[in-house]
file final-v2.cif (mmCIF, C-alpha atoms)
data_my_file
loop_
_atom_site.label_atom_id
_atom_site.label_comp_id
_atom_site.auth_asym_id
_atom_site.auth_seq_id
_atom_site.Cartn_x
_atom_site.Cartn_y
_atom_site.Cartn_z
CA MET A 1 38.87 29.08 -40.73
CA SER A 2 39.35 28.66 -36.97
CA SER A 3 42.26 30.47 -35.34
CA LYS A 4 42.09 28.21 -32.32
CA PRO A 5 45.01 25.81 -31.82
CA ARG A 6 44.07 22.28 -32.86
CA VAL A 7 44.74 19.82 -30.04
CA GLY A 8 44.79 16.07 -30.50
CA LEU A 9 43.72 14.52 -27.19
CA PHE A 10 45.59 11.32 -26.44
CA VAL A 11 42.92 9.74 -24.26
CA THR A 12 45.06 6.82 -22.91
CA CYS A 13 43.97 3.21 -22.53
CA LEU A 14 43.13 3.45 -18.82
CA VAL A 15 40.97 6.53 -19.25
CA ASP A 16 39.15 4.96 -22.21
CA LEU A 17 38.50 1.65 -20.46
CA MET A 18 38.31 2.56 -16.77
CA ARG A 19 37.43 6.24 -16.30
CA PRO A 20 36.06 7.97 -19.44
CA SER A 21 34.99 10.95 -17.32
CA VAL A 22 38.65 11.99 -17.19
CA GLY A 23 38.64 12.33 -20.97
CA PHE A 24 35.47 14.44 -20.95
CA ALA A 25 36.95 16.62 -18.19
CA ALA A 26 40.12 17.09 -20.25
CA VAL A 27 38.07 18.18 -23.27
CA LYS A 28 36.14 20.67 -21.13
CA LEU A 29 39.35 22.21 -19.75
CA LEU A 30 41.00 22.40 -23.16
CA GLU A 31 37.95 24.08 -24.68
CA GLN A 32 37.86 26.54 -21.78
CA ALA A 33 41.49 27.30 -22.66
CA GLY A 34 40.43 28.26 -26.18
CA CYS A 35 41.42 25.10 -28.02
CA GLU A 36 39.74 23.10 -30.75
CA VAL A 37 39.88 19.50 -29.53
CA ALA A 38 39.72 16.28 -31.51
CA VAL A 39 40.13 12.65 -30.55
CA PRO A 40 41.49 10.66 -33.50
CA GLU A 41 39.53 7.43 -33.93
CA THR A 42 42.67 5.64 -35.07
CA GLN A 43 44.60 6.26 -31.84
CA THR A 44 45.65 3.24 -29.85
CA CYS A 45 47.99 2.41 -26.96
CA CYS A 46 51.09 4.60 -26.66
CA GLY A 47 53.21 1.44 -26.55
CA GLN A 48 54.59 1.83 -23.05
CA PRO A 49 53.70 -1.71 -21.83
CA ALA A 50 55.45 -3.20 -24.86
CA CYS A 51 58.45 -0.93 -24.33
CA ASN A 52 58.71 -1.86 -20.66
CA SER A 53 58.47 -5.54 -21.54
CA GLY A 54 61.32 -5.40 -24.03
CA ALA A 55 58.96 -6.00 -26.96
CA ASP A 56 60.78 -3.39 -29.04
CA ARG A 57 59.21 -4.34 -32.37
CA ASP A 58 55.69 -3.98 -30.99
CA ALA A 59 56.56 -0.71 -29.24
CA ALA A 60 57.91 0.71 -32.50
CA ALA A 61 54.78 -0.35 -34.42
CA LEU A 62 52.55 1.37 -31.88
CA ALA A 63 54.73 4.48 -31.96
CA ARG A 64 54.36 4.69 -35.73
CA ALA A 65 50.57 4.41 -35.40
CA VAL A 66 50.48 7.28 -32.91
CA VAL A 67 52.71 9.44 -35.11
CA ASP A 68 50.40 8.81 -38.05
CA ALA A 69 47.30 9.67 -36.01
CA PHE A 70 48.55 12.81 -34.29
CA GLU A 71 51.22 14.57 -36.35
CA GLY A 72 48.67 16.77 -38.11
CA PHE A 73 47.68 18.59 -34.91
CA ASP A 74 49.26 21.72 -33.47
CA TYR A 75 49.64 19.99 -30.11
CA VAL A 76 49.24 16.56 -28.56
CA VAL A 77 47.90 16.57 -25.01
CA ALA A 78 47.50 13.63 -22.64
CA PRO A 79 45.84 13.51 -19.20
CA SER A 80 48.76 11.32 -18.16
CA GLY A 81 52.42 12.10 -17.62
CA SER A 82 53.16 8.43 -18.22
CA CYS A 83 51.76 8.28 -21.76
CA GLY A 84 52.98 11.80 -22.45
CA GLY A 85 56.46 10.76 -21.36
CA MET A 86 56.37 7.76 -23.65
CA ILE A 87 55.65 9.98 -26.65
CA ARG A 88 58.00 12.80 -25.73
CA VAL A 89 60.96 10.79 -24.42
CA HIS A 90 60.81 7.20 -25.62
CA TYR A 91 59.48 7.36 -29.18
CA VAL A 92 62.82 8.68 -30.36
CA GLU A 93 64.45 5.64 -28.76
CA ALA A 94 61.85 3.21 -30.13
CA LEU A 95 62.24 4.55 -33.68
CA ARG A 96 65.96 5.29 -33.67
CA ASP A 97 66.60 2.78 -36.47
CA ASP A 98 63.64 3.88 -38.59
CA ALA A 99 64.86 6.66 -40.88
CA ALA A 100 61.37 7.27 -42.26
CA TYR A 101 59.81 7.91 -38.84
CA LEU A 102 62.59 9.22 -36.61
CA SER A 103 62.32 12.87 -37.63
CA ARG A 104 58.52 12.66 -37.44
CA ALA A 105 58.75 11.20 -33.92
CA LYS A 106 61.04 14.07 -32.86
CA ALA A 107 58.58 16.62 -34.24
CA LEU A 108 55.69 14.94 -32.41
CA ALA A 109 57.68 14.81 -29.17
CA ALA A 110 58.33 18.55 -29.34
CA LYS A 111 54.61 19.36 -29.31
CA THR A 112 53.44 16.77 -26.77
CA TYR A 113 52.35 17.91 -23.32
CA GLU A 114 50.78 16.61 -20.13
CA LEU A 115 47.33 18.19 -19.70
CA ILE A 116 47.94 20.55 -16.76
CA GLN A 117 51.37 21.50 -18.08
CA PHE A 118 49.76 22.52 -21.37
CA LEU A 119 46.95 24.48 -19.74
CA VAL A 120 49.29 26.52 -17.52
CA ASN A 121 52.49 26.86 -19.55
CA VAL A 122 51.16 26.97 -23.11
CA ARG A 123 47.65 28.39 -22.77
CA GLY A 124 48.35 30.58 -19.73
CA MET A 125 45.49 29.29 -17.58
CA LYS A 126 45.70 30.86 -14.13
CA ASN A 127 42.46 29.77 -12.46
CA VAL A 128 39.43 27.54 -12.84
CA SER A 129 35.75 27.86 -11.99
CA ALA A 130 35.40 24.77 -9.83
CA HIS A 131 34.19 23.91 -6.34
CA CYS A 132 35.41 21.19 -4.01
CA LYS A 133 35.00 21.69 -0.28
CA MET A 134 37.39 18.97 0.81
CA ARG A 135 40.82 18.68 2.39
CA THR A 136 42.90 17.38 -0.48
CA CYS A 137 46.41 16.10 -1.10
CA TYR A 138 48.17 15.79 -4.46
CA HIS A 139 50.23 12.80 -5.55
CA THR A 140 53.00 13.76 -7.98
CA SER A 141 53.39 10.80 -10.31
CA CYS A 142 56.91 9.76 -11.30
CA SER A 143 56.49 10.16 -15.05
CA SER A 144 54.79 13.54 -14.76
CA LEU A 145 57.58 14.81 -12.56
CA ARG A 146 60.67 13.20 -14.04
CA GLU A 147 59.84 12.86 -17.73
CA MET A 148 57.38 15.70 -18.32
CA LYS A 149 58.87 18.05 -15.66
CA VAL A 150 55.46 18.87 -14.18
CA LYS A 151 55.57 19.95 -10.54
CA ASP A 152 54.07 23.31 -9.59
CA GLU A 153 51.45 23.67 -12.33
CA PRO A 154 48.85 21.30 -10.79
CA ARG A 155 49.14 23.00 -7.41
CA GLN A 156 48.71 26.42 -9.02
CA LEU A 157 45.32 25.46 -10.43
CA LEU A 158 44.18 23.36 -7.46
CA ASN A 159 44.74 26.38 -5.23
CA THR A 160 42.11 28.27 -7.25
CA VAL A 161 39.37 25.65 -6.69
CA GLU A 162 36.80 27.19 -4.36
CA GLY A 163 36.67 25.46 -0.97
CA LEU A 164 39.58 23.13 -1.62
CA GLN A 165 42.21 22.90 1.12
CA LEU A 166 45.49 21.56 -0.27
CA SER A 167 47.75 19.69 2.15
CA GLU A 168 51.19 18.57 1.04
CA LEU A 169 52.43 15.03 1.49
CA LYS A 170 55.64 14.62 3.47
CA GLU A 171 57.21 12.77 0.53
CA PRO A 172 55.28 13.94 -2.55
CA GLU A 173 57.95 12.81 -5.01
CA VAL A 174 58.20 9.19 -3.81
CA CYS A 175 56.75 6.49 -6.11
CA CYS A 176 53.41 4.93 -5.16
CA GLY A 177 54.58 1.50 -6.30
CA PHE A 178 52.51 1.13 -9.45
CA GLY A 179 55.20 1.81 -12.05
CA GLY A 180 53.36 0.10 -14.90
CA LEU A 181 54.61 -3.48 -15.06
CA PHE A 182 56.63 -3.00 -11.85
CA SER A 183 53.51 -3.76 -9.81
CA VAL A 184 53.06 -6.99 -11.78
CA LYS A 185 56.68 -8.12 -11.63
CA TYR A 186 57.26 -7.16 -7.99
CA PRO A 187 53.85 -7.24 -6.27
CA ASP A 188 55.19 -7.48 -2.71
CA ILE A 189 57.45 -4.44 -3.12
CA SER A 190 54.69 -2.57 -4.95
CA GLU A 191 52.23 -3.28 -2.14
CA ARG A 192 54.65 -2.03 0.51
CA MET A 193 55.31 1.15 -1.46
CA ALA A 194 51.56 1.73 -1.78
CA ASP A 195 51.13 1.27 1.97
CA ASP A 196 53.88 3.80 2.66
CA LYS A 197 52.19 6.29 0.34
CA ILE A 198 48.81 5.68 1.98
CA THR A 199 50.33 6.28 5.43
CA ASP A 200 51.63 9.61 4.10
CA ILE A 201 48.18 10.44 2.68
CA ARG A 202 46.44 9.65 5.96
CA SER A 203 48.91 11.82 7.91
CA THR A 204 47.63 14.90 6.04
CA GLY A 205 44.04 14.34 7.16
CA ALA A 206 42.98 14.49 3.51
CA GLU A 207 39.49 13.43 2.46
CA LEU A 208 40.45 13.42 -1.22
CA LEU A 209 43.53 12.24 -3.10
CA VAL A 210 44.15 13.89 -6.47
CA GLY A 211 46.72 12.97 -9.09
CA PRO A 212 47.55 13.29 -12.80
CA ASP A 213 47.94 9.62 -13.73
CA LEU A 214 45.08 7.12 -13.58
CA GLY A 215 47.46 4.17 -13.12
CA CYS A 216 48.74 5.56 -9.83
CA LEU A 217 45.22 6.47 -8.71
CA LEU A 218 43.73 3.06 -9.48
CA HIS A 219 46.64 1.41 -7.69
CA LEU A 220 46.19 3.50 -4.53
CA ALA A 221 42.38 3.47 -4.64
CA GLY A 222 42.30 -0.31 -4.85
CA ARG A 223 44.71 -0.72 -1.96
CA MET A 224 42.83 1.79 0.22
CA GLU A 225 39.49 0.13 -0.54
CA ARG A 226 40.87 -3.22 0.64
CA GLN A 227 42.04 -1.52 3.83
CA GLY A 228 38.67 0.10 4.42
CA ASN A 229 40.10 3.59 3.96
CA SER A 230 37.50 6.30 3.29
CA VAL A 231 39.74 8.66 1.28
CA LYS A 232 38.20 9.43 -2.11
CA VAL A 233 40.38 9.38 -5.23
CA ARG A 234 40.01 11.58 -8.31
CA HIS A 235 42.00 12.56 -11.38
CA ILE A 236 42.99 16.22 -11.26
CA ALA A 237 41.14 16.94 -14.52
CA GLU A 238 37.83 15.90 -12.93
CA VAL A 239 38.37 18.29 -10.01
CA LEU A 240 39.54 21.25 -12.10
CA ALA A 241 36.69 20.78 -14.58
CA ASP A 242 34.16 20.53 -11.73
CA MET A 243 33.07 17.16 -13.06
CA HIS A 244 33.44 15.03 -9.96
CA ASP A 245 31.16 13.88 -7.17
CA PRO A 246 32.99 13.05 -3.92
CA ALA A 247 30.04 10.88 -2.90
CA LEU A 248 30.77 8.44 -5.73
CA GLY A 249 32.93 5.36 -5.31
CA GLU A 250 36.62 5.23 -6.15
CA PRO A 251 37.88 5.33 -9.76
#
call {"tool": "encode", "arguments": {"input": "final-v2.cif", "output": "structure tokens"}}
result
Amino acid sequence: MSSKPRVGLFVTCLVDLMRPSVGFAAVKLLEQAGCEVAVPETQTCCGQPACNSGADRDAAALARAVVDAFEGFDYVVAPSGSCGGMIRVHYVEALRDDAAYLSRAKALAAKTYELIQFLVNVRGMKNVSAHCKMRTCYHTSCSSLREMKVKDEPRQLLNTVEGLQLSELKEPEVCCGFGGLFSVKYPDISERMADDKITDIRSTGAELLVGPDLGCLLHLAGRMERQGNSVKVRHIAEVLADMHDPALGEP
């Protein structure tokens, strides 16, 4: 019987549909950290879009499905502070009137982590065997920072990537403007916030933008592509796992 901790990887909808390489990179990193990784076939959306839309009944139904799929694992890990935050913070709210699931949601929340947070704080990862000879800046996504409390861990590992030069943004904790449905409800404000973030990125001289949430990265990559900006965009898992090619197009 394996003594390795069993990790259920919550892949996320965006990774599954838009950038599967992030999921493969996450598996590689988790296995390097000594974990046994599984991806439950029954997993679905974390329910955040429904929650943000006020569709409480749908959000609760999705939360129950995730609890059912993942509660048997030692840990739940997501390459997204946004989805991780939904499970850790908001499932208890979504299921507050469901006596059968509330305690199970609390137990799941207690063992749910954002990927880099888990690697550093739970598994004790201190360095990676990766190469990336590029000037890079890191975007701290709102959910990773404010809900999952992830701040220094990504920088700790990025600083061990051979050849990578990490330059800090002037305002690393300011929202990029994506915010899930915020960018749909308030496109003009969202666009201006993205432009402000891109100005900050360009001021660092970075060739590569790295972040922990694919929603933010897709939002910024799309805006920069329309502006003709040459900055490449990658999820942090791809860089740390050495599974990226800077010559490729944007995510």
call {"tool": "residues_near_point", "arguments": {"input": "final-v2.cif", "point": "(40.1, 13.5, -15.9)", "cutoff": "12 Å", "atoms": "all atoms listed in the file", "output": "JSON list (two decimals) with C-alpha atoms, keeping the file's coordinate frame"}}
result
[["chain", "number", "residue", "atom", "x", "y", "z"],
["A", 9, "LEU", "CA", 43.72, 14.52, -27.19],
["A", 11, "VAL", "CA", 42.92, 9.74, -24.26],
["A", 12, "THR", "CA", 45.06, 6.82, -22.91],
["A", 14, "LEU", "CA", 43.13, 3.45, -18.82],
["A", 15, "VAL", "CA", 40.97, 6.53, -19.25],
["A", 16, "ASP", "CA", 39.15, 4.96, -22.21],
["A", 18, "MET", "CA", 38.31, 2.56, -16.77],
["A", 19, "ARG", "CA", 37.43, 6.24, -16.30],
["A", 20, "PRO", "CA", 36.06, 7.97, -19.44],
["A", 21, "SER", "CA", 34.99, 10.95, -17.32],
["A", 22, "VAL", "CA", 38.65, 11.99, -17.19],
["A", 23, "GLY", "CA", 38.64, 12.33, -20.97],
["A", 24, "PHE", "CA", 35.47, 14.44, -20.95],
["A", 25, "ALA", "CA", 36.95, 16.62, -18.19],
["A", 26, "ALA", "CA", 40.12, 17.09, -20.25],
["A", 27, "VAL", "CA", 38.07, 18.18, -23.27],
["A", 28, "LYS", "CA", 36.14, 20.67, -21.13],
["A", 29, "LEU", "CA", 39.35, 22.21, -19.75],
["A", 30, "LEU", "CA", 41.00, 22.40, -23.16],
["A", 78, "ALA", "CA", 47.50, 13.63, -22.64],
["A", 79, "PRO", "CA", 45.84, 13.51, -19.20],
["A", 80, "SER", "CA", 48.76, 11.32, -18.16],
["A", 114, "GLU", "CA", 50.78, 16.61, -20.13],
["A", 115, "LEU", "CA", 47.33, 18.19, -19.70],
["A", 116, "ILE", "CA", 47.94, 20.55, -16.76],
["A", 210, "VAL", "CA", 44.15, 13.89, -6.47],
["A", 211, "GLY", "CA", 46.72, 12.97, -9.09],
["A", 212, "PRO", "CA", 47.55, 13.29, -12.80],
["A", 213, "ASP", "CA", 47.94, 9.62, -13.73],
["A", 214, "LEU", "CA", 45.08, 7.12, -13.58],
["A", 217, "LEU", "CA", 45.22, 6.47, -8.71],
["A", 233, "VAL", "CA", 40.38, 9.38, -5.23],
["A", 234, "ARG", "CA", 40.01, 11.58, -8.31],
["A", 235, "HIS", "CA", 42.00, 12.56, -11.38],
["A", 236, "ILE", "CA", 42.99, 16.22, -11.26],
["A", 237, "ALA", "CA", 41.14, 16.94, -14.52],
["A", 238, "GLU", "CA", 37.83, 15.90, -12.93],
["A", 239, "VAL", "CA", 38.37, 18.29, -10.01],
["A", 240, "LEU", "CA", 39.54, 21.25, -12.10],
["A", 241, "ALA", "CA", 36.69, 20.78, -14.58],
["A", 242, "ASP", "CA", 34.16, 20.53, -11.73],
["A", 243, "MET", "CA", 33.07, 17.16, -13.06],
["A", 244, "HIS", "CA", 33.44, 15.03, -9.96],
["A", 251, "PRO", "CA", 37.88, 5.33, -9.76]]
call {"tool": "residues_around", "arguments": {"input": "final-v2.cif", "residues": "stretch 193-198 of chain A", "least_positions_apart": "4", "cutoff": "7 Å", "atoms": "only C-alpha atoms", "output": "PyMOL selection string"}}
result
chain A and resi 176-177+189+202+220
call {"tool": "closest_residue", "arguments": {"input": "final-v2.cif", "among": "A:His139, A:Cys51, A:Val77, A:Leu181", "to": "A:Tyr113", "atoms": "all atoms listed in the file"}}
result
A:Val77
call {"tool": "residues_around", "arguments": {"input": "final-v2.cif", "residues": "A:Ala50", "least_positions_apart": "6", "cutoff": "8 Å", "atoms": "all atoms listed in the file", "output": "list in words"}}
result
Asp56, Asp58 and Ala59 of chain A
call {"tool": "resolve_selection", "arguments": {"input": "final-v2.cif", "expression": "the PyMOL selection byres ((chain A and resi 229) around 12)", "output": "PyMOL selection string"}}
result
chain A and resi 195+198-199+201-202+205-209+220-228+230-233+249-250
call {"tool": "atom_distance", "arguments": {"input": "final-v2.cif", "atom1": "atom CA of A:Leu95", "atom2": "atom CA of A:Ser53"}}
result
16.2 Å
call {"tool": "residues_around", "arguments": {"input": "final-v2.cif", "residues": "A:Gly163", "least_positions_apart": "4", "cutoff": "12 Å", "atoms": "all atoms listed in the file", "output": "VMD selection string"}}
result
chain A and resid 129 to 136 158 to 159 239
call {"tool": "atom_distance", "arguments": {"input": "final-v2.cif", "atom1": "atom CA of A:Arg123", "atom2": "atom CA of A:Val67"}}
result
23.2 Å
call {"tool": "atom_distance", "arguments": {"input": "final-v2.cif", "atom1": "atom CA of A:Ala107", "atom2": "atom CA of A:Cys46"}}
result
16.1 Å
call {"tool": "closest_residue", "arguments": {"input": "final-v2.cif", "among": "A:Gly124, A:Gly179, A:Gly84, A:Pro187", "to": "A:Lys111", "atoms": "all atoms listed in the file"}}
result
A:Gly84
call {"tool": "closest_residue", "arguments": {"input": "final-v2.cif", "among": "A:Cys83, A:Asn127, A:Gln43, A:Ala55", "to": "A:Asp68", "atoms": "all atoms listed in the file"}}
result
A:Gln43
call {"tool": "axis_aligned_box", "arguments": {"input": "final-v2.cif", "around": "stretch 122-126 of chain A", "padding_each_side": "4 Å", "output": "AutoDock Vina command-line options"}}
result
--center_x 48.3 --center_y 28.9 --center_z -18.6 --size_x 13.7 --size_y 11.9 --size_z 17.0
call {"tool": "resolve_selection", "arguments": {"input": "final-v2.cif", "expression": "the PyMOL selection byres ((chain A and resi 34) around 10)", "output": "mmCIF file with C-alpha atoms, keeping the file's coordinate frame"}}
result
data_model
loop_
_atom_site.group_PDB
_atom_site.id
_atom_site.type_symbol
_atom_site.label_atom_id
_atom_site.label_comp_id
_atom_site.auth_asym_id
_atom_site.auth_seq_id
_atom_site.Cartn_x
_atom_site.Cartn_y
_atom_site.Cartn_z
ATOM 1 C CA SER A 3 42.260 30.470 -35.340
ATOM 2 C CA LYS A 4 42.090 28.210 -32.320
ATOM 3 C CA PRO A 5 45.010 25.810 -31.820
ATOM 4 C CA ARG A 6 44.070 22.280 -32.860
ATOM 5 C CA LEU A 29 39.350 22.210 -19.750
ATOM 6 C CA LEU A 30 41.000 22.400 -23.160
ATOM 7 C CA GLU A 31 37.950 24.080 -24.680
ATOM 8 C CA GLN A 32 37.860 26.540 -21.780
ATOM 9 C CA ALA A 33 41.490 27.300 -22.660
ATOM 10 C CA CYS A 35 41.420 25.100 -28.020
ATOM 11 C CA GLU A 36 39.740 23.100 -30.750
ATOM 12 C CA VAL A 37 39.880 19.500 -29.530
ATOM 13 C CA LEU A 119 46.950 24.480 -19.740
ATOM 14 C CA ARG A 123 47.650 28.390 -22.770
#
call {"tool": "resolve_selection", "arguments": {"input": "final-v2.cif", "expression": "the PyMOL selection byres ((chain A and resi 63) around 10)", "output": "tab-separated table (two decimals) with C-alpha atoms, keeping the file's coordinate frame"}}
result
chain	number	residue	atom	x	y	z
A	44	THR	CA	45.65	3.24	-29.85
A	45	CYS	CA	47.99	2.41	-26.96
A	46	CYS	CA	51.09	4.60	-26.66
A	47	GLY	CA	53.21	1.44	-26.55
A	48	GLN	CA	54.59	1.83	-23.05
A	57	ARG	CA	59.21	-4.34	-32.37
A	58	ASP	CA	55.69	-3.98	-30.99
A	59	ALA	CA	56.56	-0.71	-29.24
A	60	ALA	CA	57.91	0.71	-32.50
A	61	ALA	CA	54.78	-0.35	-34.42
A	62	LEU	CA	52.55	1.37	-31.88
A	64	ARG	CA	54.36	4.69	-35.73
A	65	ALA	CA	50.57	4.41	-35.40
A	66	VAL	CA	50.48	7.28	-32.91
A	67	VAL	CA	52.71	9.44	-35.11
A	68	ASP	CA	50.40	8.81	-38.05
A	69	ALA	CA	47.30	9.67	-36.01
A	86	MET	CA	56.37	7.76	-23.65
A	87	ILE	CA	55.65	9.98	-26.65
A	90	HIS	CA	60.81	7.20	-25.62
A	91	TYR	CA	59.48	7.36	-29.18
A	92	VAL	CA	62.82	8.68	-30.36
A	94	ALA	CA	61.85	3.21	-30.13
A	95	LEU	CA	62.24	4.55	-33.68
A	101	TYR	CA	59.81	7.91	-38.84
A	105	ALA	CA	58.75	11.20	-33.92
call {"tool": "residues_around", "arguments": {"input": "final-v2.cif", "residues": "A:Cys142", "least_positions_apart": "5", "cutoff": "10 Å", "atoms": "only C-alpha atoms", "output": "PyMOL selection string"}}
result
chain A and resi 81-82+147-150+172-179+213+216
call {"tool": "decode", "arguments": {"input": "final-v2.cif", "residues": "stretch 212-232 of chain A", "atoms": "N, CA, C and O atoms", "output": "CSV table (one decimal), in the first residue's frame"}}
result
chain,number,residue,atom,x,y,z
A,212,PRO,N,-0.8,32.6,-11.6
A,212,PRO,CA,-1.3,31.3,-11.1
A,212,PRO,C,-2.7,31.0,-11.5
A,212,PRO,O,-3.2,29.9,-11.2
A,213,ASP,N,-3.4,31.9,-12.2
A,213,ASP,CA,-4.8,31.8,-12.6
A,213,ASP,C,-4.9,32.0,-14.1
A,213,ASP,O,-4.6,33.1,-14.6
A,214,LEU,N,-5.5,31.0,-14.8
A,214,LEU,CA,-5.6,31.0,-16.2
A,214,LEU,C,-6.6,32.1,-16.7
A,214,LEU,O,-6.4,32.7,-17.7
A,215,GLY,N,-7.6,32.4,-15.9
A,215,GLY,CA,-8.5,33.5,-16.2
A,215,GLY,C,-7.8,34.8,-16.4
A,215,GLY,O,-8.0,35.5,-17.4
A,216,CYS,N,-7.0,35.2,-15.4
A,216,CYS,CA,-6.2,36.4,-15.5
A,216,CYS,C,-5.3,36.4,-16.7
A,216,CYS,O,-5.2,37.4,-17.4
A,217,LEU,N,-4.6,35.3,-16.9
A,217,LEU,CA,-3.6,35.2,-18.0
A,217,LEU,C,-4.3,35.3,-19.4
A,217,LEU,O,-3.8,35.9,-20.3
A,218,LEU,N,-5.4,34.6,-19.6
A,218,LEU,CA,-6.1,34.7,-20.8
A,218,LEU,C,-6.6,36.1,-21.1
A,218,LEU,O,-6.5,36.6,-22.2
A,219,HIS,N,-7.1,36.8,-20.0
A,219,HIS,CA,-7.6,38.2,-20.1
A,219,HIS,C,-6.5,39.1,-20.6
A,219,HIS,O,-6.6,39.9,-21.5
A,220,LEU,N,-5.3,39.0,-19.9
A,220,LEU,CA,-4.2,39.9,-20.2
A,220,LEU,C,-3.5,39.5,-21.6
A,220,LEU,O,-3.2,40.4,-22.4
A,221,ALA,N,-3.4,38.2,-21.9
A,221,ALA,CA,-2.8,37.8,-23.1
A,221,ALA,C,-3.7,38.3,-24.3
A,221,ALA,O,-3.1,38.7,-25.3
A,222,GLY,N,-5.0,38.1,-24.2
A,222,GLY,CA,-5.9,38.6,-25.3
A,222,GLY,C,-5.7,40.1,-25.5
A,222,GLY,O,-5.7,40.5,-26.7
A,223,ARG,N,-5.7,40.8,-24.4
A,223,ARG,CA,-5.6,42.3,-24.6
A,223,ARG,C,-4.2,42.7,-25.2
A,223,ARG,O,-4.2,43.6,-26.0
A,224,MET,N,-3.2,42.0,-24.7
A,224,MET,CA,-1.8,42.4,-25.3
A,224,MET,C,-1.7,42.0,-26.7
A,224,MET,O,-1.1,42.7,-27.5
A,225,GLU,N,-2.3,40.9,-27.1
A,225,GLU,CA,-2.3,40.4,-28.5
A,225,GLU,C,-2.9,41.5,-29.4
A,225,GLU,O,-2.4,41.8,-30.5
A,226,ARG,N,-4.1,42.0,-28.9
A,226,ARG,CA,-4.8,43.0,-29.7
A,226,ARG,C,-4.0,44.3,-29.8
A,226,ARG,O,-4.1,45.1,-30.8
A,227,GLN,N,-3.1,44.6,-28.8
A,227,GLN,CA,-2.3,45.8,-28.9
A,227,GLN,C,-1.0,45.5,-29.6
A,227,GLN,O,-0.2,46.5,-29.7
A,228,GLY,N,-0.7,44.3,-30.0
A,228,GLY,CA,0.5,44.0,-30.7
A,228,GLY,C,1.7,43.9,-29.7
A,228,GLY,O,2.9,44.0,-30.2
A,229,ASN,N,1.4,43.6,-28.5
A,229,ASN,CA,2.5,43.4,-27.5
A,229,ASN,C,3.2,42.1,-27.6
A,229,ASN,O,2.5,41.1,-27.8
A,230,SER,N,4.5,42.0,-27.5
A,230,SER,CA,5.2,40.8,-27.7
A,230,SER,C,5.5,40.0,-26.4
A,230,SER,O,6.1,38.9,-26.5
A,231,VAL,N,5.0,40.5,-25.3
A,231,VAL,CA,5.2,39.7,-24.0
A,231,VAL,C,4.5,38.4,-24.1
A,231,VAL,O,3.3,38.3,-24.4
A,232,LYS,N,5.2,37.3,-23.7
A,232,LYS,CA,4.6,36.0,-23.7
A,232,LYS,C,3.9,35.8,-22.3
A,232,LYS,O,4.3,36.5,-21.4
